[in-house]
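Some notes on the structure that comes next.
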Number of protein chains: 2
Amino acid sequence: MVTIKDVARAARVSVATVSRVHNGSPNVTDSTRRRVRAVATKLGYSPNAAARSLSTRKTLGLGVLLPDLYGEFYSELIRGIDQTAQQRGFHILVASSHNAKQEIAAAIQSLRGRVDGLIVMAPAPGAHRPVRDLPASVPVVLLNCPAPVAGYDSIAVANADGARDVVRHLAGLGHRRIAIIHGPPRNHDAAERARGYREALAEAGITPGPADEVAGDFTDGSGYRAALGLARAAPRPTAVFAANDAMAIGAVSAFREAGMRIPEDVAVAGFDDIPMARYMHPPLTTVRVDISDLGARATARLLDLVANGKQRQKRRELLPAVLVVRESCGGHGRTAAP
Amino acid sequence: MVTIKDVARAARVSVATVSRVHNGSPNVTDSTRRRVRAVATKLGYSPNAAARSLSTRKTLGLGVLLPDLYGEFYSELIRGIDQTAQQRGFHILVASSHNAKQEIAAAIQSLRGRVDGLIVMAPAPGAHRPVRDLPASVPVVLLNCPAPVAGYDSIAVANADGARDVVRHLAGLGHRRIAIIHGPPRNHDAAERARGYREALAEAGITPGPADEVAGDFTDGSGYRAALGLARAAPRPTAVFAANDAMAIGAVSAFREAGMRIPEDVAVAGFDDIPMARYMHPPLTTVRVDISDLGARATARLLDLVANGKQRQKRRELLPAVLVVRESCGGHGRTAAP
DNA sequence: GGCGGGCATGTAACCGATTACATGCTCAAC
DNA sequence: GTTGAGCATGTAATCGGTTACATGCCCGCC
């Protein structure tokens, strides 16, 4: 390992000068600067990150704690985060935790001291406990957390609004039996989408039967199985709102296998607008959330906290969720542009 | 920030003892151990990662350098990597590079000293140059790289075999005009899949016309546009092999908009078997690659290198790619199980 | 009773950077 | 010619751990 001392010796200067050259300090003559640069390159020197962060107390790292890594949602999210972080010279440490309190605590523990800030997505209520144990000096941005958590910045998606809009759309199309495939129990996003669903039904004067709410867990497989059940129900719902796109995709597949046509026999809507939603057959009516933007905003906010300390007022930002009408619910003449 | 010294003082022992307690050294009396533990917990002590890795020369971090982060492929890959790493107490640093040599170099630079090893996926030929500049002491596992690179372990997918199998399958079904939607130019996986395609055609005595090979870039949008072109071609291909599933999904969507039925008017096959492939309509005939396993294997190999030094023989591992016949090409009576 | 082995614990060097402060030089102003 | 400002550079403390080696104690054995 070639260290700053090796470079200093070879360039016949002190370590301080080498350090100054690498950090762009102005007080170095051009000739010295050039000499140090040349030697450093020749020796293949690159500063030891651990040593540097030990003395500067900065790591240039951001921790990203996710409940899961399954599906297109998370790659989009990470993409937005990485892009923003990279632009500002930060790198990201990704850890997934399955939303279990213990695992979250472990992951946070393993990230401590390696990052200057944390983006935590833990939609389970109560899952933020381990976050509170963090020293107050670590900036944190919460993603899709249940309700504003006092003392933390947070960004969330307007889940209830989006869900209300889709279900209203469905009701407006004349549907009276509208089922929902829920997300995981104890998941904030799922709960909010369910709330929007119920509100829209109430608005429309519809009382959902008990069989109209079926369980799921945000995976395509769970949507498939849920829809299989719905297809056998009597009376059958004429429309289904799946709490995310992955489940909607599974549901469409199951309905089709059961011999039903979409949207003629059953309308299906999703949530998220993952890239592939528009390429389904029929193209999926869903709620658009700019997932990578969600990641980008969270990162920008976090970097702001990291740079300016935590003095600012904590805010909760709500990302709009807008209805995208395609063809899986009917009610749309033209083809959605790709 | 509470440091080891604070704990030592409060527990009335030396820093060495505190360190020993935290590292599970056996030479500490139970009473001391308990006292130190209690104090550490009360003070909320957690060792500074930078300081620790400065003196141990270990970081417990693995760098993951990816060409991109778009689509389900990457979340699956990261999932496999994270799972294996976490089990062994490592955490991962993810960076994407868009496959540009300069960005790769920058990313590697920013990872240096923060990780004990690197998983690099850079399918562009020549993209590994920056990797060679790494000090030989950093273990590296290459993913889907062009050909075995001397001096490095690598894991790749049997791209050509898989592609040959699908195209053979298509030819076996009686298709004579089989088009391909290519992956990005200068991408190894794409090139290999193209090679398999050509070999299978040659085997079947088919000479592809120039219009049968169209460009794409592995995104669903590019598959959509490519298929739009194919749909207008005369004579039209009766089968299309898309070099990955995302493009196959886009292609199916485009063909359908052009009024063609799948598989009756045109058969479509993909590559990767992303989770959602089986839920498409019709379920996609594709080539199964266990993506998260690919990540898991790469990680296991890397951890092995990290633990045992680099003395072992470098190996290239080839992950099988097996044909999964569903319905998008016909030739399959039953419904694919989900 | 003295000696030595083994064990718990402490002292201090070290890892590789950053940076406050010290040093010494040049040059302009008086 | 002296003085001091301003700048380039060096010296050494520091960040928070780990660990080789030193120390001192207890205990068993001859």
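Every chain in the structure tokens takes a letter, A first, then B, and so on in the order presented; its residues are numbered from 1, and the ligands are numbered from 1 following the presented order.
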Which chain B residues have any atom within 9 Å of an atom of chain C, and for each, what is the nearest pair of atoms with distance in Å to one decimal, counting only C-alpha atoms (C1' of nucleotides), rows sorted by chain and number, as JSON lines?
{"residue": "B:Val13", "atom": "CA", "partner": "C:DT9", "partner_atom": "C1'", "distance": 8.0}
{"residue": "B:Ser14", "atom": "CA", "partner": "C:DG10", "partner_atom": "C1'", "distance": 6.2}
{"residue": "B:Val15", "atom": "CA", "partner": "C:DG10", "partner_atom": "C1'", "distance": 8.7}
{"residue": "B:Ala16", "atom": "CA", "partner": "C:DG10", "partner_atom": "C1'", "distance": 7.5}
{"residue": "B:Thr17", "atom": "CA", "partner": "C:DT9", "partner_atom": "C1'", "distance": 7.0}
{"residue": "B:Asn27", "atom": "CA", "partner": "C:DA8", "partner_atom": "C1'", "distance": 6.6}
{"residue": "B:Val28", "atom": "CA", "partner": "C:DA8", "partner_atom": "C1'", "distance": 6.2}
{"residue": "B:Thr29", "atom": "CA", "partner": "C:DA8", "partner_atom": "C1'", "distance": 7.1}
{"residue": "B:Ala51", "atom": "CA", "partner": "C:DC15", "partner_atom": "C1'", "distance": 8.5}
{"residue": "B:Ser53", "atom": "CA", "partner": "C:DC15", "partner_atom": "C1'", "distance": 8.6}
{"residue": "B:Leu54", "atom": "CA", "partner": "C:DC15", "partner_atom": "C1'", "distance": 5.2}
{"residue": "B:Ser55", "atom": "CA", "partner": "C:DC15", "partner_atom": "C1'", "distance": 4.4}
{"residue": "B:Thr56", "atom": "CA", "partner": "C:DC15", "partner_atom": "C1'", "distance": 7.7}
{"residue": "B:Arg57", "atom": "CA", "partner": "C:DC15", "partner_atom": "C1'", "distance": 7.9}
Q | range 2-232 of chain A: residues DSSP assigns to strand (DSSP E or B), reported as a ChimeraX atom specification | A | /A:61-66,91-96,117-121,140-143,153-157,178-181,213-214
Q | Among listed residues B:Ile119, B:Met280, B:Leu323, B:Leu294, nearest Ala246 in chain A (using only C-alpha atoms) | A |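 The shortest atom-to-atom distance to Ala246 in chain A comes from B:Met280.
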Q.
Give me the residues near Ser110 in chain A as a PyMOL selection string, where near means some atom within 10 Å (using only C-alpha atoms (C1' of nucleotides)) and where sequence neighbours in that chain fewer than 2 positions away do not count.
A. (chain A and resi 95+104-108+112-114) or (chain B and resi 46+49+60-61+86+89-91)
Q.
Please compute the CA of Ala300 in chain B-CA of Leu66 in chain B distance, one decimal, in Å.
A.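 According to the coordinates, CA of Ala300 in chain B and CA of Leu66 in chain B are separated by 17.5 Å.
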Residues of chain D near chain B: apply a cut-off of 10 Å, count only C-alpha atoms (C1' of nucleotides), and supply the list as a PDB file with N, CA and C atoms (P, O5', C5', C4', C3', O3' and C1' of nucleotides), in the first residue's frame.
ATOM      1  P    DC D  15      -8.341  14.131  19.448  1.00  0.00           P
ATOM      2  O5'  DC D  15      -9.120  13.306  18.336  1.00  0.00           O
ATOM      3  C5'  DC D  15      -9.785  13.949  17.258  1.00  0.00           C
ATOM      4  C4'  DC D  15     -10.046  12.926  16.181  1.00  0.00           C
ATOM      5  C3'  DC D  15     -10.433  11.573  16.761  1.00  0.00           C
ATOM      6  O3'  DC D  15     -11.845  11.460  16.787  1.00  0.00           O
ATOM      7  C1'  DC D  15      -8.834  11.377  14.964  1.00  0.00           C
ATOM      8  P    DG D  16     -12.494  10.906  18.163  1.00  0.00           P
ATOM      9  O5'  DG D  16     -12.323   9.331  18.028  1.00  0.00           O
ATOM     10  C5'  DG D  16     -12.977   8.663  16.972  1.00  0.00           C
ATOM     11  C4'  DG D  16     -12.504   7.232  16.939  1.00  0.00           C
ATOM     12  C3'  DG D  16     -12.637   6.492  18.273  1.00  0.00           C
ATOM     13  O3'  DG D  16     -13.071   5.178  17.996  1.00  0.00           O
ATOM     14  C1'  DG D  16     -10.447   6.323  17.509  1.00  0.00           C
ATOM     15  P    DG D  17     -13.806   4.331  19.069  1.00  0.00           P
ATOM     16  O5'  DG D  17     -13.660   2.862  18.442  1.00  0.00           O
ATOM     17  C5'  DG D  17     -12.677   1.968  18.905  1.00  0.00           C
ATOM     18  C4'  DG D  17     -11.717   1.625  17.790  1.00  0.00           C
ATOM     19  C3'  DG D  17     -10.887   0.373  18.042  1.00  0.00           C
ATOM     20  O3'  DG D  17     -11.509  -0.717  17.406  1.00  0.00           O
ATOM     21  C1'  DG D  17      -9.524   2.208  17.299  1.00  0.00           C
ATOM     22  P    DT D  18     -11.182  -2.192  17.953  1.00  0.00           P
ATOM     23  O5'  DT D  18      -9.645  -2.399  17.546  1.00  0.00           O
ATOM     24  C5'  DT D  18      -9.317  -2.642  16.189  1.00  0.00           C
ATOM     25  C4'  DT D  18      -7.864  -3.018  16.096  1.00  0.00           C
ATOM     26  C3'  DT D  18      -7.483  -4.315  16.809  1.00  0.00           C
ATOM     27  O3'  DT D  18      -6.554  -4.963  15.954  1.00  0.00           O
ATOM     28  C1'  DT D  18      -6.135  -2.556  17.615  1.00  0.00           C
ATOM     29  P    DT D  19      -6.246  -6.518  16.099  1.00  0.00           P
ATOM     30  O5'  DT D  19      -4.812  -6.491  16.809  1.00  0.00           O
ATOM     31  C5'  DT D  19      -3.783  -5.688  16.244  1.00  0.00           C
ATOM     32  C4'  DT D  19      -2.598  -5.677  17.183  1.00  0.00           C
ATOM     33  C3'  DT D  19      -2.426  -6.953  18.007  1.00  0.00           C
ATOM     34  O3'  DT D  19      -1.033  -7.194  18.131  1.00  0.00           O
ATOM     35  C1'  DT D  19      -2.499  -5.122  19.436  1.00  0.00           C
TER      36       DT D  19
END
(Q) I'd like to know which of A:Leu134, A:Ala231, A:Ile92, A:Leu65 is closest to chain B, using only C-alpha atoms. (A) A:Ile92
**Q.** Within 6 Å of range 258-266 of chain A using only C-alpha atoms (C1' of nucleotides), minus same-chain residues under 2 positions, as JSON, numbers by chain
**A.** {"A": [238, 239, 255, 256, 328, 329, 330]}
Q. Expressed in Å to a single decimal, how great is the separation between CA of Arg186 in chain A and CA of Ala160 in chain A?
A. 15.7 Å
(Q) Among range 21-163 of chain B, which residues does DSSP mark as helix (DSSP H, G or I) when it is run on the backbone? Keep the chain and numbering as in the structure and answer as a PyMOL selection string. (A) chain B and resi 21-22+30-43+49-56+72-87+101-111+129-132+159-163
